[in-house]
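Participant: Contents are mmCIF, C-alpha atoms and all ligand atoms; file name input11.cif:
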```
data_upload
loop_
_atom_site.label_atom_id
_atom_site.label_comp_id
_atom_site.auth_asym_id
_atom_site.auth_seq_id
_atom_site.Cartn_x
_atom_site.Cartn_y
_atom_site.Cartn_z
CA MET A 23 94.26 166.77 122.57
CA ALA A 24 92.59 164.48 125.10
CA THR A 25 95.03 162.36 127.06
CA THR A 26 94.33 158.76 128.04
CA VAL A 27 93.70 159.93 131.60
CA ASP A 28 91.11 162.43 130.33
CA LYS A 29 89.49 159.74 128.23
CA ILE A 30 89.28 157.35 131.17
CA LYS A 31 87.77 160.14 133.26
CA ASP A 32 85.10 160.64 130.58
CA ILE A 33 84.39 156.94 130.52
CA GLU A 34 84.09 156.80 134.29
CA ALA A 35 81.66 159.70 134.17
CA GLU A 36 79.62 157.90 131.49
CA ALA A 37 79.51 154.69 133.52
CA LYS A 38 78.45 156.67 136.59
CA LEU A 39 75.65 158.30 134.63
CA ALA A 40 74.40 154.93 133.39
CA LYS A 41 74.30 153.66 136.97
CA LEU A 42 72.37 156.71 138.16
CA LYS A 43 69.91 156.39 135.32
CA ARG A 44 69.23 152.78 136.22
CA GLU A 45 68.61 153.71 139.84
CA LEU A 46 66.17 156.36 138.67
CA LEU A 47 64.29 153.91 136.48
CA THR A 48 64.16 150.97 138.88
CA PRO A 49 60.79 150.84 140.61
CA THR A 50 61.09 151.27 144.38
CA SER A 51 58.71 150.12 147.10
CA SER A 52 57.93 153.76 147.84
CA GLY A 53 56.51 153.97 144.34
CA GLY A 54 58.90 156.61 143.11
CA GLY A 55 60.40 154.58 140.28
CA GLY A 56 59.30 153.57 136.82
CA GLY A 57 55.92 152.22 137.80
CA SER A 58 53.62 150.65 135.27
CA GLY A 59 50.40 152.34 136.31
CA PHE A 60 48.98 151.93 132.81
CA ASP A 61 49.46 148.20 132.51
CA VAL A 62 46.52 145.95 131.64
CA ALA A 63 45.97 142.19 131.76
CA ARG A 64 47.88 140.51 128.97
CA THR A 65 46.02 138.22 126.61
CA GLY A 66 47.10 136.36 123.48
CA VAL A 67 50.60 135.13 122.71
CA ALA A 68 52.29 138.49 122.38
CA SER A 69 51.59 142.17 122.80
CA VAL A 70 52.31 145.14 120.57
CA GLY A 71 52.49 148.62 122.14
CA PHE A 72 51.75 151.85 120.22
CA ILE A 73 54.17 154.66 120.96
CA GLY A 74 54.06 158.13 119.46
CA PHE A 75 53.52 161.83 119.97
CA PRO A 76 49.94 162.98 120.63
CA SER A 77 47.52 162.99 117.70
CA VAL A 78 49.68 161.00 115.26
CA GLY A 79 46.77 158.59 114.89
CA LYS A 80 47.47 155.74 117.35
CA SER A 81 43.84 155.34 118.40
CA THR A 82 42.57 155.58 114.84
CA LEU A 83 45.01 152.78 113.98
CA MET A 84 43.82 150.76 116.98
CA SER A 85 40.18 150.94 115.92
CA ARG A 86 41.11 150.16 112.33
CA LEU A 87 43.31 147.14 113.19
CA THR A 88 41.29 145.48 115.89
CA GLY A 89 37.74 146.80 115.65
CA GLN A 90 38.14 147.78 119.31
CA HIS A 91 36.95 151.37 119.53
CA SER A 92 39.50 153.74 121.00
CA GLU A 93 38.47 157.39 121.21
CA ALA A 94 40.17 159.47 118.51
CA ALA A 95 39.99 163.24 118.14
CA ALA A 96 41.86 166.23 116.75
CA TYR A 97 43.05 167.41 120.19
CA GLU A 98 46.19 166.13 121.96
CA PHE A 99 46.03 163.58 124.79
CA THR A 100 42.68 162.19 123.78
CA THR A 101 43.83 158.80 125.07
CA LEU A 102 44.59 158.88 128.78
CA THR A 103 45.00 155.20 129.56
CA THR A 104 45.95 151.89 127.94
CA VAL A 105 43.29 150.55 125.59
CA PRO A 106 43.74 146.86 124.72
CA GLY A 107 42.47 145.16 121.59
CA GLN A 108 43.22 141.96 119.73
CA VAL A 109 44.07 140.90 116.21
CA LEU A 110 44.84 137.52 114.60
CA VAL A 111 48.23 137.13 112.91
CA ASN A 112 48.73 133.75 111.21
CA GLY A 113 46.03 132.42 113.50
CA ALA A 114 47.75 133.66 116.65
CA LYS A 115 46.03 136.09 118.97
CA ILE A 116 48.16 139.19 119.26
CA GLN A 117 47.26 141.86 121.78
CA MET A 118 47.45 145.48 120.64
CA LEU A 119 47.89 148.19 123.26
CA ASP A 120 46.87 151.73 122.33
CA LEU A 121 48.76 154.03 124.68
CA PRO A 122 48.60 157.72 125.60
CA GLY A 123 50.83 160.01 123.58
CA ILE A 124 54.28 160.84 124.89
CA ILE A 125 56.22 164.07 124.62
CA GLN A 126 59.92 164.87 124.49
CA GLY A 127 61.42 164.41 127.96
CA ALA A 128 58.92 161.66 128.84
CA LYS A 129 61.70 159.35 130.00
CA ASP A 130 62.83 162.00 132.48
CA GLY A 131 59.42 162.14 134.08
CA LYS A 132 57.60 164.66 131.90
CA GLY A 133 53.88 163.95 131.72
CA ARG A 134 53.01 160.32 132.25
CA GLY A 135 55.56 159.28 129.70
CA ARG A 136 57.50 157.08 132.09
CA GLN A 137 54.46 154.94 132.83
CA VAL A 138 53.60 154.75 129.14
CA ILE A 139 57.11 153.70 128.15
CA ALA A 140 57.17 151.21 131.05
CA VAL A 141 54.22 149.41 129.42
CA ALA A 142 55.92 149.47 126.01
CA LYS A 143 59.02 147.97 127.59
CA THR A 144 57.13 144.80 128.45
CA CYS A 145 55.75 144.39 124.91
CA HIS A 146 57.11 141.93 122.34
CA LEU A 147 56.93 144.48 119.59
CA ILE A 148 56.47 148.24 119.43
CA PHE A 149 54.73 150.23 116.71
CA ILE A 150 56.28 153.67 116.66
CA VAL A 151 53.51 155.69 115.05
CA LEU A 152 54.63 158.81 113.20
CA ASP A 153 52.65 161.52 111.40
CA VAL A 154 54.24 161.89 107.94
CA ASN A 155 53.22 165.56 107.86
CA LYS A 156 55.55 166.24 110.78
CA PRO A 157 59.37 166.48 110.51
CA LEU A 158 61.13 163.11 110.27
CA THR A 159 63.29 164.23 113.21
CA ASP A 160 60.34 163.14 115.40
CA LYS A 161 61.49 159.57 114.72
CA LYS A 162 64.85 160.29 116.37
CA VAL A 163 63.23 162.00 119.35
CA ILE A 164 60.95 159.02 120.05
CA GLU A 165 63.86 156.59 119.61
CA ALA A 166 65.91 158.58 122.12
CA GLU A 167 63.02 158.48 124.62
CA LEU A 168 62.84 154.68 124.38
CA GLU A 169 66.63 154.26 124.46
CA GLY A 170 66.78 156.42 127.58
CA PHE A 171 64.43 153.98 129.25
CA GLY A 172 66.67 150.99 128.52
CA ILE A 173 64.81 149.83 125.41
CA ARG A 174 67.09 148.76 122.57
CA ILE A 175 65.37 149.01 119.21
CA ASN A 176 65.86 146.42 116.44
CA LYS A 177 69.11 145.39 118.01
CA SER A 178 70.48 142.22 119.53
CA PRO A 179 72.48 142.24 122.76
CA PRO A 180 76.18 143.02 122.20
CA ASN A 181 78.25 139.88 121.80
CA ILE A 182 80.05 140.19 125.12
CA VAL A 183 80.16 137.42 127.70
CA PHE A 184 80.60 138.76 131.19
CA LYS A 185 81.22 136.55 134.20
CA LYS A 186 81.76 138.00 137.65
CA LYS A 187 84.23 136.13 139.88
CA ASP A 188 85.25 136.17 143.53
CA LYS A 189 88.93 136.71 142.89
CA GLY A 190 91.61 136.76 140.21
CA GLY A 191 91.24 140.30 138.90
CA ILE A 192 89.80 141.48 135.61
CA SER A 193 90.62 139.28 132.63
CA ILE A 194 89.68 140.60 129.18
CA THR A 195 89.82 138.72 125.89
CA ASN A 196 88.70 140.02 122.52
CA THR A 197 88.33 138.00 119.33
CA VAL A 198 88.10 141.09 117.09
CA PRO A 199 90.20 144.27 117.25
CA LEU A 200 88.63 146.90 119.50
CA THR A 201 88.58 150.31 117.84
CA HIS A 202 86.35 152.12 120.37
CA ILE A 203 87.70 151.09 123.77
CA ASP A 204 90.92 149.65 125.12
CA HIS A 205 91.51 147.33 128.06
CA ASP A 206 92.40 150.17 130.47
CA GLU A 207 89.13 151.89 129.69
CA ILE A 208 87.20 148.64 130.21
CA LYS A 209 88.91 148.28 133.59
CA ALA A 210 87.94 151.85 134.44
CA VAL A 211 84.28 150.98 133.77
CA MET A 212 84.61 147.89 135.98
CA GLY A 213 86.05 150.10 138.71
CA GLU A 214 83.05 152.39 138.43
CA TYR A 215 80.81 149.34 138.92
CA LYS A 216 82.99 148.19 141.84
CA ILE A 217 83.78 144.93 140.06
CA SER A 218 87.29 143.76 140.90
CA SER A 219 87.25 140.24 139.42
CA ALA A 220 85.57 139.09 136.22
CA ASP A 221 86.10 137.32 132.90
CA ILE A 222 85.07 139.44 129.96
CA ALA A 223 85.03 137.90 126.49
CA ILE A 224 84.36 140.47 123.79
CA ARG A 225 83.37 139.18 120.35
CA CYS A 226 82.35 142.40 118.63
CA ASP A 227 83.90 145.82 118.12
CA ALA A 228 82.20 146.97 121.30
CA THR A 229 81.63 150.54 122.41
CA ILE A 230 81.43 151.70 126.00
CA ASP A 231 77.63 151.77 125.66
CA ASP A 232 77.68 148.11 124.61
CA LEU A 233 79.71 147.22 127.67
CA ILE A 234 77.37 149.16 129.95
CA ASP A 235 74.36 147.45 128.31
CA ILE A 236 75.86 144.10 129.33
CA LEU A 237 76.56 145.25 132.89
CA GLU A 238 73.04 146.69 133.08
CA ALA A 239 71.51 143.66 131.32
CA LYS A 240 68.65 143.39 133.82
CA SER A 241 67.32 146.80 132.91
CA ARG A 242 67.67 146.43 129.15
CA SER A 243 64.94 145.18 126.81
CA TYR A 244 65.71 144.33 123.20
CA ILE A 245 62.48 144.95 121.32
CA PRO A 246 61.74 144.94 117.60
CA VAL A 247 60.11 148.09 116.27
CA ILE A 248 58.00 148.76 113.19
CA TYR A 249 57.52 152.38 112.20
CA ALA A 250 53.90 153.00 111.21
CA LEU A 251 54.14 156.09 109.00
CA ASN A 252 50.60 157.40 109.27
CA LYS A 253 48.45 159.90 107.35
CA ILE A 254 49.89 159.16 103.89
CA ASP A 255 46.55 160.32 102.48
CA ALA A 256 47.81 163.86 103.09
CA ILE A 257 51.06 163.63 101.04
CA SER A 258 52.06 163.35 97.36
CA ILE A 259 53.14 160.17 95.55
CA GLU A 260 56.70 161.58 95.33
CA GLU A 261 56.84 162.01 99.09
CA LEU A 262 55.42 158.53 99.55
CA ASP A 263 58.23 157.07 97.41
CA LEU A 264 60.77 158.52 99.84
CA LEU A 265 59.02 156.94 102.82
CA TYR A 266 59.45 153.49 101.29
CA ARG A 267 63.21 153.84 101.75
CA ILE A 268 62.96 153.93 105.53
CA PRO A 269 63.91 150.54 107.00
CA ASN A 270 61.41 148.63 109.18
CA ALA A 271 58.70 151.06 108.19
CA CYS A 272 55.23 150.79 106.73
CA PRO A 273 53.43 153.82 105.25
CA ILE A 274 49.73 153.71 106.16
CA SER A 275 46.57 155.72 106.43
CA SER A 276 44.68 154.66 109.54
CA GLU A 277 41.77 156.86 108.65
CA HIS A 278 41.33 155.39 105.17
CA GLY A 279 42.52 151.89 106.01
CA TRP A 280 45.32 152.06 103.45
CA ASN A 281 48.13 149.48 103.68
CA ILE A 282 46.94 148.17 107.05
CA ASP A 283 47.30 144.55 105.86
CA GLU A 284 50.94 145.17 105.00
CA LEU A 285 51.55 146.55 108.48
CA LEU A 286 50.14 143.35 109.96
CA GLU A 287 52.30 141.25 107.64
CA GLN A 288 55.36 143.01 108.96
CA ILE A 289 54.74 141.58 112.39
CA GLN A 290 57.51 139.09 112.02
CA VAL A 291 56.63 135.65 113.07
CA GLY A 292 59.83 133.79 112.38
CA GLU A 293 59.85 130.20 111.23
CA ILE A 294 61.76 127.77 113.41
CA GLU A 295 63.01 124.50 112.05
CA SER A 296 66.13 123.98 114.06
CA CYS A 297 68.11 125.22 116.95
CA GLU A 298 70.04 127.43 114.58
CA SER A 299 67.00 129.22 113.24
CA LEU A 300 65.71 129.68 116.77
CA HIS A 301 68.90 131.45 117.70
CA LYS A 302 68.69 133.58 114.62
CA ALA A 303 65.11 134.52 115.41
CA GLN A 304 66.01 135.26 119.00
CA ARG A 305 68.74 137.59 117.87
CA GLU A 306 66.77 139.28 115.14
CA THR A 307 63.17 139.52 116.14
CA SER A 308 62.96 138.46 119.77
CA ARG A 309 60.28 136.27 121.18
CA LEU A 310 57.69 135.17 118.70
CA TYR A 311 58.28 132.13 116.53
CA ILE A 312 56.51 129.60 114.41
CA ALA A 313 57.90 126.12 114.92
CA GLY A 314 58.46 123.38 112.42
CA CYS A 315 57.96 119.74 113.45
CA VAL A 316 60.37 119.40 116.36
CA THR A 317 60.15 119.18 120.11
CA ILE A 318 61.21 122.25 121.99
CA HIS A 319 63.97 120.13 123.42
CA GLU A 320 65.34 119.32 119.99
CA MET A 321 65.64 122.99 119.19
CA HIS A 322 67.86 123.60 122.12
CA CYS A 323 71.38 124.70 122.31
CA ARG A 324 72.95 125.08 125.71
CA ARG A 325 72.66 128.82 125.97
CA PHE A 326 68.97 128.70 125.34
CA LEU A 327 68.43 125.75 127.67
CA ASP A 328 70.08 127.61 130.52
CA ASP A 329 67.46 130.34 130.47
CA PHE A 330 64.41 128.26 129.62
CA ARG A 331 61.54 128.40 132.08
CA GLN A 332 58.44 127.68 130.06
CA ALA A 333 57.00 127.94 126.60
CA VAL A 334 53.56 129.16 125.65
CA VAL A 335 52.26 127.37 122.58
CA TYR A 336 49.39 128.23 120.31
CA GLY A 337 48.48 125.83 117.51
CA LYS A 338 47.65 122.25 116.57
CA SER A 339 49.88 120.54 119.14
CA VAL A 340 47.96 121.83 122.17
CA LYS A 341 44.40 121.37 123.47
CA HIS A 342 44.02 124.77 125.08
CA GLN A 343 44.90 127.92 123.15
CA PRO A 344 47.41 128.95 124.29
CA GLN A 345 48.92 126.34 126.59
CA ARG A 346 52.00 126.42 128.79
CA VAL A 347 54.36 123.55 128.06
CA GLY A 348 57.75 122.23 129.10
CA LEU A 349 60.81 121.12 127.19
CA SER A 350 59.56 117.73 126.08
CA HIS A 351 56.44 119.07 124.39
CA GLU A 352 56.28 118.09 120.73
CA LEU A 353 55.38 120.94 118.42
CA ALA A 354 53.27 120.70 115.29
CA ASP A 355 53.86 122.53 112.04
CA GLU A 356 53.01 126.23 112.25
CA ASP A 357 52.67 126.23 116.01
CA ILE A 358 53.49 129.56 117.49
CA ILE A 359 55.63 129.51 120.57
CA THR A 360 56.73 132.15 122.98
CA ILE A 361 59.75 131.23 125.04
CA ILE A 362 59.62 132.47 128.59
CA LYS A 363 63.06 132.87 130.03
CA ARG A 364 63.98 132.81 133.67
N1 LIG B 401 44.55 162.67 107.42
C1 LIG B 401 44.59 161.72 108.34
N2 LIG B 401 44.24 162.00 109.60
C2 LIG B 401 44.29 161.01 110.50
C3 LIG B 401 44.73 159.70 110.18
N3 LIG B 401 44.71 158.94 111.28
C4 LIG B 401 44.25 159.75 112.28
N4 LIG B 401 44.00 160.99 111.81
C5 LIG B 401 43.45 162.14 112.58
O1 LIG B 401 44.42 162.57 113.52
C6 LIG B 401 43.79 163.04 114.70
C7 LIG B 401 44.32 162.32 115.90
O2 LIG B 401 43.99 160.95 115.83
P1 LIG B 401 44.07 160.00 117.11
O3 LIG B 401 43.79 158.63 116.64
O4 LIG B 401 43.20 160.56 118.19
O5 LIG B 401 45.59 160.17 117.50
P2 LIG B 401 46.34 159.61 118.80
O6 LIG B 401 47.74 159.38 118.38
O7 LIG B 401 45.61 158.46 119.36
O8 LIG B 401 46.24 160.87 119.78
P3 LIG B 401 46.38 160.93 121.39
O9 LIG B 401 45.55 159.83 121.99
O10 LIG B 401 45.86 162.27 121.71
O11 LIG B 401 47.83 160.77 121.69
C8 LIG B 401 42.28 162.80 114.50
O12 LIG B 401 41.70 164.02 114.09
C9 LIG B 401 42.23 161.77 113.39
O13 LIG B 401 41.06 161.87 112.63
C10 LIG B 401 45.11 159.43 108.82
O14 LIG B 401 45.46 158.33 108.42
N5 LIG B 401 45.03 160.48 107.97
K K B 402 44.29 162.88 119.55
MG MG B 403 44.84 158.15 121.21
#
```
Mind turning this structure into structure tokens?

Facilitator:
Amino acid sequence: MATTVDKIKDIEAEAKLAKLKRELLTPTSSGGGGGSGFDVARTGVASVGFIGFPSVGKSTLMSRLTGQHSEAAAYEFTTLTTVPGQVLVNGAKIQMLDLPGIIQGAKDGKGRGRQVIAVAKTCHLIFIVLDVNKPLTDKKVIEAELEGFGIRINKSPPNIVFKKKDKGGISITNTVPLTHIDHDEIKAVMGEYKISSADIAIRCDATIDDLIDILEAKSRSYIPVIYALNKIDAISIEELDLLYRIPNACPISSEHGWNIDELLEQIQVGEIESCESLHKAQRETSRLYIAGCVTIHEMHCRRFLDDFRQAVVYGKSVKHQPQRVGLSHELADEDIITIIKR
């Protein structure tokens, strides 16, 4: 049986690994890091990146959704660079980015996967495109690739407040019982990060990965994902029924244009009427909201205000589409705003 000392050793090793991974993924001036060589100019209020194995139908979907032609063919790696297009969702211009296919091990530097995932990491939403004729385990493989690059899928940041201090040691409080880690183990992680004084308030049944995500907050991106389950023209009705049980998914046929409207509808544009609903949207679907009739300032709670840098608004309340505005800007009904944090 593993002793506490063994367990702490494991945890220290895990924390060390997380640190090494971050160093590997942080771009360096020498260009050896996670560069974004495939990035393109961003237009519209938000961008959606297409991630998937080769030949699952990303480019066919791109052409179908946006009318922007992106070369599609039966051979792998047809697409070698980012192809941007645009589509209107509730009147808002949303940029679509068709990306080259990735393969297993992409996050570790195989192929150009790192550059591809680096682009996806800056998107507001990711379409994971899957070929329904391939094993469903492909979904897990792609998810692991994104996770390994610091992308957290359909998840909000763990409810842990971490404040580094100059002195006073490590102080830990938890409002719920912790079933995955104890205070000694948390201190071991802090030791690994060379943090000797901090206040840590834990408000969820956190795991060690949650804690590391908070310590590595700068290299984490919380991005909503929709699974575009493509090529349903090639399966039976019975098989299709099963696909409808997969959460956050939309079965489609890019080639035949089946269910493409539903896929667009799933791009969640949350409705904001109050500070509360803004927080909810921020937690659930990240950065794209429709505002009710309030000023941005009125929607604010402190936490949000602290990070606020600028908002980009598209809709009736602004002259230019989109327009950058500050806190006192008054929104109109159905405006779409993107909050830019510091
Ligand atoms: N049956 C069927 N075939 C499709 C569908 N969508 C795409 N295909 C075919 O799948 C093959 C690959 O399509 P692409 O759009 O090039 O796939 P991709 O994911 O962009 O591929 P890479 O750029 O190489 O990564 C082509 O032969 C398409 O005709 C679909 O909905 N149904
Ligand atoms: K292809
Ligand atoms: Mg392609």

Participant: Which residues of segment 144-260 of chain A come within 7 Å of segment 60-76 of chain A, and what is each one's closest atom pair and distance in Å (one decimal), counting only C-alpha atoms, sorted by chain and residue number, as a tab-separated table?

Facilitator:
```
residue	atom	partner	partner_atom	distance
A:Cys145	CA	A:Ser69	CA	5.2
A:His146	CA	A:Ser69	CA	5.5
A:Leu147	CA	A:Val70	CA	4.8
A:Ile148	CA	A:Gly71	CA	4.8
A:Phe149	CA	A:Phe72	CA	4.9
A:Ile150	CA	A:Ile73	CA	4.9
A:Val151	CA	A:Gly74	CA	5.1
A:Leu152	CA	A:Gly74	CA	6.3
A:Ile164	CA	A:Gly74	CA	7.0
```

Participant: How would you write, as a VMD selection string, the set of residues no farther than 7 Å from ligand MG 403 (chain B) when counting only C-alpha atoms and all ligand atoms?

Facilitator: chain A and resid 77 79 to 81 92 to 94 99 to 101 120 to 123

Participant: Given 5 Å on each side, where is the centre and what are the edge lengths in Å to one decimal of the axis-aligned box enclosing the listed atoms of ligand LIG 401 (chain B), as lines of an AutoDock Vina configuration file?

Facilitator:
```
center_x = 44.4
center_y = 161.2
center_z = 114.7
size_x = 16.8
size_y = 15.7
size_z = 24.6
```

Participant: Find the residues around Gly190 of chain A up to 10 Å (all atoms listed in the file counted), leave out those fewer than 6 positions away in its own chain, and share them as a ChimeraX atom specification.

Facilitator: /A:218-221

Participant: Between atom CA of Val198 of chain A and atom CA of Cys226 of chain A, what is the spacing in Å?

Facilitator: 6.1 Å

Participant: Quick one, how far is atom CA of Gly337 of chain A from atom CA of Asp283 of chain A?

Facilitator: 22.1 Å

Participant: Looking at all atoms listed in the file, which of A:Ile236, A:Val334, A:Ile139, A:Ala96 is the one that sits closest to ligand K 402 (chain B)?

Facilitator: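 Closest to ligand K 402 (chain B), using all atoms listed in the file: A:Ala96.
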
Participant: Tell me which protein, DNA and RNA residues are within 12 Å of Pro344 of chain A, counting all atoms listed in the file, leaving out same-chain ones fewer than 2 positions away, and put them as a PDB file with C-alpha atoms, keeping the file's coordinate frame.

Facilitator:
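Result file follows (selection19.pdb):
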```pdb
ATOM      1  CA  THR A  65      46.020 138.220 126.610  1.00  0.00           C
ATOM      2  CA  GLY A  66      47.100 136.360 123.480  1.00  0.00           C
ATOM      3  CA  VAL A  67      50.600 135.130 122.710  1.00  0.00           C
ATOM      4  CA  ALA A  68      52.290 138.490 122.380  1.00  0.00           C
ATOM      5  CA  GLY A 113      46.030 132.420 113.500  1.00  0.00           C
ATOM      6  CA  ALA A 114      47.750 133.660 116.650  1.00  0.00           C
ATOM      7  CA  LYS A 115      46.030 136.090 118.970  1.00  0.00           C
ATOM      8  CA  ILE A 116      48.160 139.190 119.260  1.00  0.00           C
ATOM      9  CA  ALA A 333      57.000 127.940 126.600  1.00  0.00           C
ATOM     10  CA  VAL A 334      53.560 129.160 125.650  1.00  0.00           C
ATOM     11  CA  VAL A 335      52.260 127.370 122.580  1.00  0.00           C
ATOM     12  CA  TYR A 336      49.390 128.230 120.310  1.00  0.00           C
ATOM     13  CA  GLY A 337      48.480 125.830 117.510  1.00  0.00           C
ATOM     14  CA  LYS A 338      47.650 122.250 116.570  1.00  0.00           C
ATOM     15  CA  SER A 339      49.880 120.540 119.140  1.00  0.00           C
ATOM     16  CA  VAL A 340      47.960 121.830 122.170  1.00  0.00           C
ATOM     17  CA  LYS A 341      44.400 121.370 123.470  1.00  0.00           C
ATOM     18  CA  HIS A 342      44.020 124.770 125.080  1.00  0.00           C
ATOM     19  CA  ARG A 346      52.000 126.420 128.790  1.00  0.00           C
ATOM     20  CA  VAL A 347      54.360 123.550 128.060  1.00  0.00           C
ATOM     21  CA  ASP A 357      52.670 126.230 116.010  1.00  0.00           C
ATOM     22  CA  ILE A 358      53.490 129.560 117.490  1.00  0.00           C
ATOM     23  CA  ILE A 359      55.630 129.510 120.570  1.00  0.00           C
ATOM     24  CA  THR A 360      56.730 132.150 122.980  1.00  0.00           C
TER      25      THR A 360
END
```

Participant: Need to verify the contact set: segment 200-217 of chain A, 12 Å, only C-alpha atoms, exclusion of same-chain residues closer than 5 positions in sequence. Can you return it as number ranges by chain?

Facilitator: A: 26-42, 184-195, 222-238

Participant: Applying 9 Å and all atoms listed in the file, which residues near segment 239-253 of chain A remain after dropping the ones on its own chain fewer than 4 positions away? List them as a ChimeraX atom specification.

Facilitator: /A:44,47-48,78-80,83,143-155,161,171-179,234-235,257,265,268-278,285,288-289,306-309

Participant: Pick the closest to ligand LIG 401 (chain B) from A:Thr159, A:Asn196, A:Thr103, A:Thr88: which is it, counting only C-alpha atoms and all ligand atoms?

Facilitator: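 Among the listed residues, A:Thr103 lies closest to ligand LIG 401 (chain B).
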
Participant: Between A:Gly279, A:Gly127, A:Pro157, A:Gly135, which residue has the minimum interatomic distance to ligand LIG 401 (chain B), considering all atoms listed in the file?

Facilitator: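 Closest candidate: A:Gly279.
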
Participant: Kindly give the distance, in Å, that separates atom CA of Gln108 of chain A and atom CA of Ser85 of chain A, rounded to a single decimal.

Facilitator: 10.2 Å

Participant: Here is a test: counting all atoms listed in the file, which residue of A:Asp160, A:Glu287, A:Glu169, A:Asp255 is nearest to ligand LIG 401 (chain B)?

Facilitator: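 Counting all atoms listed in the file, the residue closest to ligand LIG 401 (chain B) is A:Asp255.
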